[in-house]
file coords-v5.cif (mmCIF, N, CA and C atoms)
data_data
#
loop_
_atom_site.label_atom_id
_atom_site.label_comp_id
_atom_site.auth_asym_id
_atom_site.auth_seq_id
_atom_site.Cartn_x
_atom_site.Cartn_y
_atom_site.Cartn_z
N MET A 517 35.75 -20.68 -19.81
CA MET A 517 34.58 -21.24 -19.18
C MET A 517 33.70 -20.14 -18.59
N TYR A 518 34.32 -19.20 -17.89
CA TYR A 518 33.54 -18.12 -17.27
C TYR A 518 33.39 -16.96 -18.25
N GLY A 519 32.32 -16.16 -18.07
CA GLY A 519 32.08 -15.03 -18.95
C GLY A 519 33.04 -13.89 -18.69
N LYS A 520 33.24 -13.09 -19.70
CA LYS A 520 34.15 -11.94 -19.58
C LYS A 520 33.36 -10.70 -19.19
N VAL A 521 34.04 -9.74 -18.56
CA VAL A 521 33.43 -8.45 -18.24
C VAL A 521 33.49 -7.59 -19.50
N HIS A 522 32.49 -6.80 -19.74
CA HIS A 522 32.46 -5.95 -20.94
C HIS A 522 33.42 -4.78 -20.77
N GLY A 523 34.54 -4.83 -21.43
CA GLY A 523 35.51 -3.74 -21.38
C GLY A 523 36.32 -3.77 -20.10
N SER A 524 37.37 -2.98 -20.07
CA SER A 524 38.22 -2.93 -18.88
C SER A 524 37.81 -1.77 -17.99
N LEU A 525 38.22 -1.82 -16.75
CA LEU A 525 37.85 -0.76 -15.81
C LEU A 525 38.57 0.55 -16.10
N SER A 526 39.59 0.50 -16.94
CA SER A 526 40.30 1.74 -17.28
C SER A 526 39.42 2.67 -18.13
N ARG A 527 38.38 2.11 -18.78
CA ARG A 527 37.49 2.94 -19.61
C ARG A 527 36.20 3.31 -18.89
N ALA A 528 36.13 3.02 -17.60
CA ALA A 528 34.90 3.29 -16.86
C ALA A 528 34.62 4.79 -16.79
N GLY A 529 33.39 5.19 -17.08
CA GLY A 529 32.99 6.59 -16.99
C GLY A 529 33.43 7.44 -18.16
N LYS A 530 33.84 6.83 -19.26
CA LYS A 530 34.36 7.58 -20.41
C LYS A 530 33.31 8.53 -21.00
N VAL A 531 32.12 8.02 -21.24
CA VAL A 531 31.09 8.82 -21.90
C VAL A 531 30.62 9.95 -20.98
N LYS A 532 30.44 9.63 -19.69
CA LYS A 532 29.98 10.65 -18.75
C LYS A 532 30.98 11.79 -18.64
N ASN A 533 32.27 11.46 -18.65
CA ASN A 533 33.30 12.50 -18.56
C ASN A 533 33.40 13.32 -19.83
N GLN A 534 33.04 12.75 -20.97
CA GLN A 534 33.09 13.48 -22.24
C GLN A 534 31.90 14.44 -22.41
N THR A 535 30.80 14.14 -21.76
CA THR A 535 29.58 14.90 -21.95
C THR A 535 29.71 16.29 -21.34
N PRO A 536 29.37 17.34 -22.11
CA PRO A 536 29.48 18.69 -21.56
C PRO A 536 28.49 18.92 -20.42
N LYS A 537 28.92 19.62 -19.41
CA LYS A 537 28.09 19.90 -18.23
C LYS A 537 27.08 20.97 -18.58
N VAL A 538 25.82 20.69 -18.30
CA VAL A 538 24.75 21.66 -18.53
C VAL A 538 24.14 21.98 -17.18
N GLU A 539 24.09 23.25 -16.85
CA GLU A 539 23.54 23.68 -15.56
C GLU A 539 22.04 23.40 -15.52
N ALA A 540 21.56 22.95 -14.38
CA ALA A 540 20.14 22.65 -14.21
C ALA A 540 19.34 23.95 -14.22
N LYS A 541 18.17 23.89 -14.85
CA LYS A 541 17.29 25.06 -14.89
C LYS A 541 16.59 25.21 -13.55
N GLU A 542 16.27 26.45 -13.23
CA GLU A 542 15.53 26.69 -11.99
C GLU A 542 14.05 26.45 -12.27
N LYS A 543 13.44 25.61 -11.46
CA LYS A 543 12.05 25.24 -11.67
C LYS A 543 11.20 25.75 -10.51
N GLY A 544 9.94 25.99 -10.81
CA GLY A 544 9.01 26.41 -9.77
C GLY A 544 8.63 25.23 -8.89
N LYS A 545 7.95 25.52 -7.81
CA LYS A 545 7.55 24.45 -6.90
C LYS A 545 6.44 23.61 -7.51
N LYS A 546 6.42 22.32 -7.17
CA LYS A 546 5.42 21.41 -7.69
C LYS A 546 4.15 21.52 -6.87
N LEU A 547 3.03 21.25 -7.53
CA LEU A 547 1.75 21.26 -6.84
C LEU A 547 1.63 20.05 -5.95
N THR A 548 0.93 20.20 -4.83
CA THR A 548 0.70 19.09 -3.92
C THR A 548 -0.77 19.03 -3.54
N GLY A 549 -1.18 17.86 -3.07
CA GLY A 549 -2.53 17.72 -2.52
C GLY A 549 -3.64 17.91 -3.53
N ARG A 550 -4.63 18.71 -3.13
CA ARG A 550 -5.83 18.93 -3.95
C ARG A 550 -5.47 19.57 -5.28
N ALA A 551 -4.54 20.51 -5.27
CA ALA A 551 -4.17 21.20 -6.51
C ALA A 551 -3.54 20.25 -7.52
N LYS A 552 -2.75 19.29 -7.05
CA LYS A 552 -2.15 18.32 -7.94
C LYS A 552 -3.20 17.40 -8.53
N LYS A 553 -4.15 16.95 -7.71
CA LYS A 553 -5.25 16.11 -8.19
C LYS A 553 -6.07 16.85 -9.25
N ARG A 554 -6.27 18.14 -9.03
CA ARG A 554 -7.04 18.95 -9.97
C ARG A 554 -6.32 19.05 -11.30
N GLU A 555 -5.00 19.26 -11.26
CA GLU A 555 -4.21 19.36 -12.49
C GLU A 555 -4.23 18.03 -13.25
N MET A 556 -4.10 16.91 -12.52
CA MET A 556 -4.14 15.60 -13.16
C MET A 556 -5.49 15.34 -13.81
N TYR A 557 -6.56 15.72 -13.13
CA TYR A 557 -7.92 15.54 -13.67
C TYR A 557 -8.08 16.35 -14.96
N ASN A 558 -7.64 17.60 -14.92
CA ASN A 558 -7.77 18.45 -16.10
C ASN A 558 -6.94 17.93 -17.27
N ARG A 559 -5.76 17.42 -16.99
CA ARG A 559 -4.90 16.93 -18.05
C ARG A 559 -5.43 15.62 -18.64
N ARG A 560 -5.88 14.70 -17.77
CA ARG A 560 -6.27 13.37 -18.23
C ARG A 560 -7.70 13.31 -18.75
N ILE A 561 -8.64 13.91 -18.03
CA ILE A 561 -10.06 13.72 -18.33
C ILE A 561 -10.60 14.85 -19.20
N VAL A 562 -10.40 16.08 -18.77
CA VAL A 562 -11.00 17.22 -19.47
C VAL A 562 -10.33 17.45 -20.81
N GLY A 563 -8.99 17.44 -20.84
CA GLY A 563 -8.28 17.76 -22.07
C GLY A 563 -8.11 16.59 -23.00
N ALA A 564 -8.43 15.37 -22.56
CA ALA A 564 -8.20 14.19 -23.39
C ALA A 564 -9.24 14.11 -24.50
N SER A 565 -8.76 13.69 -25.66
CA SER A 565 -9.69 13.49 -26.77
C SER A 565 -10.33 12.13 -26.63
N THR A 566 -11.53 11.99 -27.17
CA THR A 566 -12.24 10.72 -27.04
C THR A 566 -11.91 9.83 -28.22
N ALA A 567 -11.71 8.56 -27.95
CA ALA A 567 -11.45 7.56 -28.98
C ALA A 567 -12.78 7.14 -29.60
N PRO A 568 -12.72 6.36 -30.67
CA PRO A 568 -13.97 5.86 -31.26
C PRO A 568 -14.80 5.11 -30.23
N GLY A 569 -16.10 5.34 -30.26
CA GLY A 569 -16.99 4.72 -29.29
C GLY A 569 -17.16 5.56 -28.05
N GLY A 570 -16.59 6.79 -28.04
CA GLY A 570 -16.74 7.69 -26.91
C GLY A 570 -15.87 7.35 -25.72
N LYS A 571 -14.87 6.48 -25.92
CA LYS A 571 -14.01 6.07 -24.81
C LYS A 571 -12.81 7.02 -24.70
N ARG A 572 -12.38 7.23 -23.47
CA ARG A 572 -11.15 7.99 -23.22
C ARG A 572 -10.07 6.99 -22.90
N ARG A 573 -8.95 7.05 -23.61
CA ARG A 573 -7.83 6.15 -23.35
C ARG A 573 -6.73 6.96 -22.70
N LEU A 574 -6.19 6.47 -21.57
CA LEU A 574 -5.15 7.21 -20.87
C LEU A 574 -3.84 7.16 -21.62
N ASN A 575 -3.55 6.06 -22.31
CA ASN A 575 -2.30 5.94 -23.06
C ASN A 575 -2.63 5.43 -24.46
N PRO A 576 -3.21 6.28 -25.30
CA PRO A 576 -3.67 5.79 -26.60
C PRO A 576 -2.52 5.52 -27.54
N ALA A 577 -2.66 4.45 -28.31
CA ALA A 577 -1.67 4.13 -29.35
C ALA A 577 -1.91 5.07 -30.53
N PRO A 578 -0.85 5.40 -31.26
CA PRO A 578 -1.03 6.28 -32.42
C PRO A 578 -1.98 5.66 -33.45
N VAL A 579 -2.84 6.48 -34.02
CA VAL A 579 -3.82 6.01 -34.99
C VAL A 579 -3.13 5.84 -36.33
N LYS A 580 -3.34 4.69 -36.95
CA LYS A 580 -2.72 4.43 -38.25
C LYS A 580 -3.59 4.91 -39.37
#

call {"tool": "encode", "arguments": {"input": "coords-v5.cif", "output": "structure tokens"}}
result
Amino acid sequence: MYGKVHGSLSRAGKVKNQTPKVEAKEKGKKLTGRAKKREMYNRRIVGASTAPGGKRRLNPAPVK
């Protein structure tokens, strides 16, 4: 009558334990404030290609 749990608890974490550990890369600090807004503007508006009709689409679908 009641639903079953998917798998037993003895197999919990199997895939995570099998996965090889990869050390995290060291990253530089992220931009904040005005500098971040400037980077977003340059990435979205200045560097974006225009769609037909002169429109800029933020998340354009691939052209068929």

call {"tool": "atom_distance", "arguments": {"input": "coords-v5.cif", "atom1": "atom C of A:Ile561", "atom2": "atom C of A:Val579"}}
result
20.7 Å

call {"tool": "residues_around", "arguments": {"input": "coords-v5.cif", "residues": "A:Arg560", "least_positions_apart": "5", "cutoff": "8 Å", "atoms": "only N, CA and C atoms", "output": "mmCIF file with N, CA and C atoms, keeping the file's coordinate frame"}}
result
data_model
loop_
_atom_site.group_PDB
_atom_site.id
_atom_site.type_symbol
_atom_site.label_atom_id
_atom_site.label_comp_id
_atom_site.auth_asym_id
_atom_site.auth_seq_id
_atom_site.Cartn_x
_atom_site.Cartn_y
_atom_site.Cartn_z
ATOM 1 N N ARG A 554 -6.270 18.140 -9.030
ATOM 2 C CA ARG A 554 -7.040 18.950 -9.970
ATOM 3 C C ARG A 554 -6.320 19.050 -11.300
ATOM 4 N N GLU A 555 -5.000 19.260 -11.260
ATOM 5 C CA GLU A 555 -4.210 19.360 -12.490
ATOM 6 C C GLU A 555 -4.230 18.030 -13.250
ATOM 7 N N SER A 565 -8.760 13.690 -25.660
ATOM 8 C CA SER A 565 -9.690 13.490 -26.770
ATOM 9 C C SER A 565 -10.330 12.130 -26.630
ATOM 10 N N ARG A 572 -12.380 7.230 -23.470
ATOM 11 C CA ARG A 572 -11.150 7.990 -23.220
ATOM 12 C C ARG A 572 -10.070 6.990 -22.900
ATOM 13 N N ARG A 573 -8.950 7.050 -23.610
ATOM 14 C CA ARG A 573 -7.830 6.150 -23.350
ATOM 15 C C ARG A 573 -6.730 6.960 -22.700
ATOM 16 N N LEU A 574 -6.190 6.470 -21.570
ATOM 17 C CA LEU A 574 -5.150 7.210 -20.870
ATOM 18 C C LEU A 574 -3.840 7.160 -21.620
#

call {"tool": "select_by_dssp", "arguments": {"input": "coords-v5.cif", "residues": "chain A", "states": "alpha helix (DSSP H)", "output": "ChimeraX atom specification"}}
result
/A:530-534,550-557

call {"tool": "atom_distance", "arguments": {"input": "coords-v5.cif", "atom1": "atom CA of A:Gly563", "atom2": "atom CA of A:Pro578"}}
result
17.1 Å

call {"tool": "atom_distance", "arguments": {"input": "coords-v5.cif", "atom1": "atom CA of A:Lys553", "atom2": "atom C of A:Ala577"}}
result
25.1 Å

call {"tool": "axis_aligned_box", "arguments": {"input": "coords-v5.cif", "around": "stretch 533-540 of chain A", "padding_each_side": "6 Å", "output": "lines of an AutoDock Vina configuration file"}}
result
center_x = 26.4
center_y = 17.7
center_z = -18.3
size_x = 26.1
size_y = 24.5
size_z = 20.2

call {"tool": "decode", "arguments": {"input": "coords-v5.cif", "residues": "stretch 542-558 of chain A", "atoms": "N, CA, C and O atoms", "output": "PDB file, in the first residue's frame"}}
result
ATOM      1  N   GLU A 542      42.558  27.907  -7.366  1.00  0.00           N
ATOM      2  CA  GLU A 542      42.594  29.200  -6.687  1.00  0.00           C
ATOM      3  C   GLU A 542      42.060  30.264  -7.637  1.00  0.00           C
ATOM      4  O   GLU A 542      42.493  30.374  -8.783  1.00  0.00           O
ATOM      5  N   LYS A 543      41.086  31.014  -7.178  1.00  0.00           N
ATOM      6  CA  LYS A 543      40.438  32.006  -8.022  1.00  0.00           C
ATOM      7  C   LYS A 543      40.715  33.401  -7.485  1.00  0.00           C
ATOM      8  O   LYS A 543      40.904  33.578  -6.281  1.00  0.00           O
ATOM      9  N   GLY A 544      40.706  34.360  -8.382  1.00  0.00           N
ATOM     10  CA  GLY A 544      40.878  35.749  -7.972  1.00  0.00           C
ATOM     11  C   GLY A 544      39.617  36.276  -7.317  1.00  0.00           C
ATOM     12  O   GLY A 544      38.571  35.632  -7.338  1.00  0.00           O
ATOM     13  N   LYS A 545      39.715  37.450  -6.741  1.00  0.00           N
ATOM     14  CA  LYS A 545      38.552  38.028  -6.068  1.00  0.00           C
ATOM     15  C   LYS A 545      37.521  38.484  -7.089  1.00  0.00           C
ATOM     16  O   LYS A 545      37.852  38.881  -8.202  1.00  0.00           O
ATOM     17  N   LYS A 546      36.247  38.423  -6.712  1.00  0.00           N
ATOM     18  CA  LYS A 546      35.167  38.820  -7.594  1.00  0.00           C
ATOM     19  C   LYS A 546      34.981  40.329  -7.522  1.00  0.00           C
ATOM     20  O   LYS A 546      35.245  40.954  -6.493  1.00  0.00           O
ATOM     21  N   LEU A 547      34.508  40.883  -8.627  1.00  0.00           N
ATOM     22  CA  LEU A 547      34.226  42.310  -8.671  1.00  0.00           C
ATOM     23  C   LEU A 547      32.984  42.622  -7.867  1.00  0.00           C
ATOM     24  O   LEU A 547      32.056  41.799  -7.788  1.00  0.00           O
ATOM     25  N   THR A 548      32.941  43.794  -7.260  1.00  0.00           N
ATOM     26  CA  THR A 548      31.768  44.217  -6.502  1.00  0.00           C
ATOM     27  C   THR A 548      31.397  45.639  -6.896  1.00  0.00           C
ATOM     28  O   THR A 548      32.219  46.381  -7.438  1.00  0.00           O
ATOM     29  N   GLY A 549      30.149  45.987  -6.611  1.00  0.00           N
ATOM     30  CA  GLY A 549      29.704  47.369  -6.793  1.00  0.00           C
ATOM     31  C   GLY A 549      29.703  47.839  -8.227  1.00  0.00           C
ATOM     32  O   GLY A 549      29.256  47.148  -9.134  1.00  0.00           O
ATOM     33  N   ARG A 550      30.258  49.034  -8.437  1.00  0.00           N
ATOM     34  CA  ARG A 550      30.253  49.677  -9.753  1.00  0.00           C
ATOM     35  C   ARG A 550      31.004  48.840 -10.774  1.00  0.00           C
ATOM     36  O   ARG A 550      30.580  48.711 -11.927  1.00  0.00           O
ATOM     37  N   ALA A 551      32.115  48.240 -10.374  1.00  0.00           N
ATOM     38  CA  ALA A 551      32.914  47.458 -11.310  1.00  0.00           C
ATOM     39  C   ALA A 551      32.154  46.229 -11.807  1.00  0.00           C
ATOM     40  O   ALA A 551      32.244  45.863 -12.979  1.00  0.00           O
ATOM     41  N   LYS A 552      31.369  45.610 -10.935  1.00  0.00           N
ATOM     42  CA  LYS A 552      30.575  44.456 -11.340  1.00  0.00           C
ATOM     43  C   LYS A 552      29.482  44.870 -12.309  1.00  0.00           C
ATOM     44  O   LYS A 552      29.225  44.185 -13.300  1.00  0.00           O
ATOM     45  N   LYS A 553      28.815  45.994 -12.031  1.00  0.00           N
ATOM     46  CA  LYS A 553      27.779  46.505 -12.933  1.00  0.00           C
ATOM     47  C   LYS A 553      28.377  46.818 -14.306  1.00  0.00           C
ATOM     48  O   LYS A 553      27.763  46.555 -15.342  1.00  0.00           O
ATOM     49  N   ARG A 554      29.585  47.359 -14.312  1.00  0.00           N
ATOM     50  CA  ARG A 554      30.250  47.697 -15.567  1.00  0.00           C
ATOM     51  C   ARG A 554      30.552  46.445 -16.372  1.00  0.00           C
ATOM     52  O   ARG A 554      30.351  46.405 -17.586  1.00  0.00           O
ATOM     53  N   GLU A 555      31.032  45.390 -15.693  1.00  0.00           N
ATOM     54  CA  GLU A 555      31.335  44.132 -16.370  1.00  0.00           C
ATOM     55  C   GLU A 555      30.066  43.499 -16.948  1.00  0.00           C
ATOM     56  O   GLU A 555      30.055  43.004 -18.071  1.00  0.00           O
ATOM     57  N   MET A 556      28.971  43.533 -16.170  1.00  0.00           N
ATOM     58  CA  MET A 556      27.698  42.986 -16.648  1.00  0.00           C
ATOM     59  C   MET A 556      27.191  43.752 -17.863  1.00  0.00           C
ATOM     60  O   MET A 556      26.714  43.156 -18.832  1.00  0.00           O
ATOM     61  N   TYR A 557      27.312  45.074 -17.829  1.00  0.00           N
ATOM     62  CA  TYR A 557      26.878  45.910 -18.955  1.00  0.00           C
ATOM     63  C   TYR A 557      27.679  45.562 -20.209  1.00  0.00           C
ATOM     64  O   TYR A 557      27.125  45.379 -21.293  1.00  0.00           O
ATOM     65  N   ASN A 558      28.993  45.456 -20.046  1.00  0.00           N
ATOM     66  CA  ASN A 558      29.839  45.151 -21.199  1.00  0.00           C
ATOM     67  C   ASN A 558      29.550  43.764 -21.758  1.00  0.00           C
ATOM     68  O   ASN A 558      29.557  43.563 -22.969  1.00  0.00           O
TER      69      ASN A 558
END
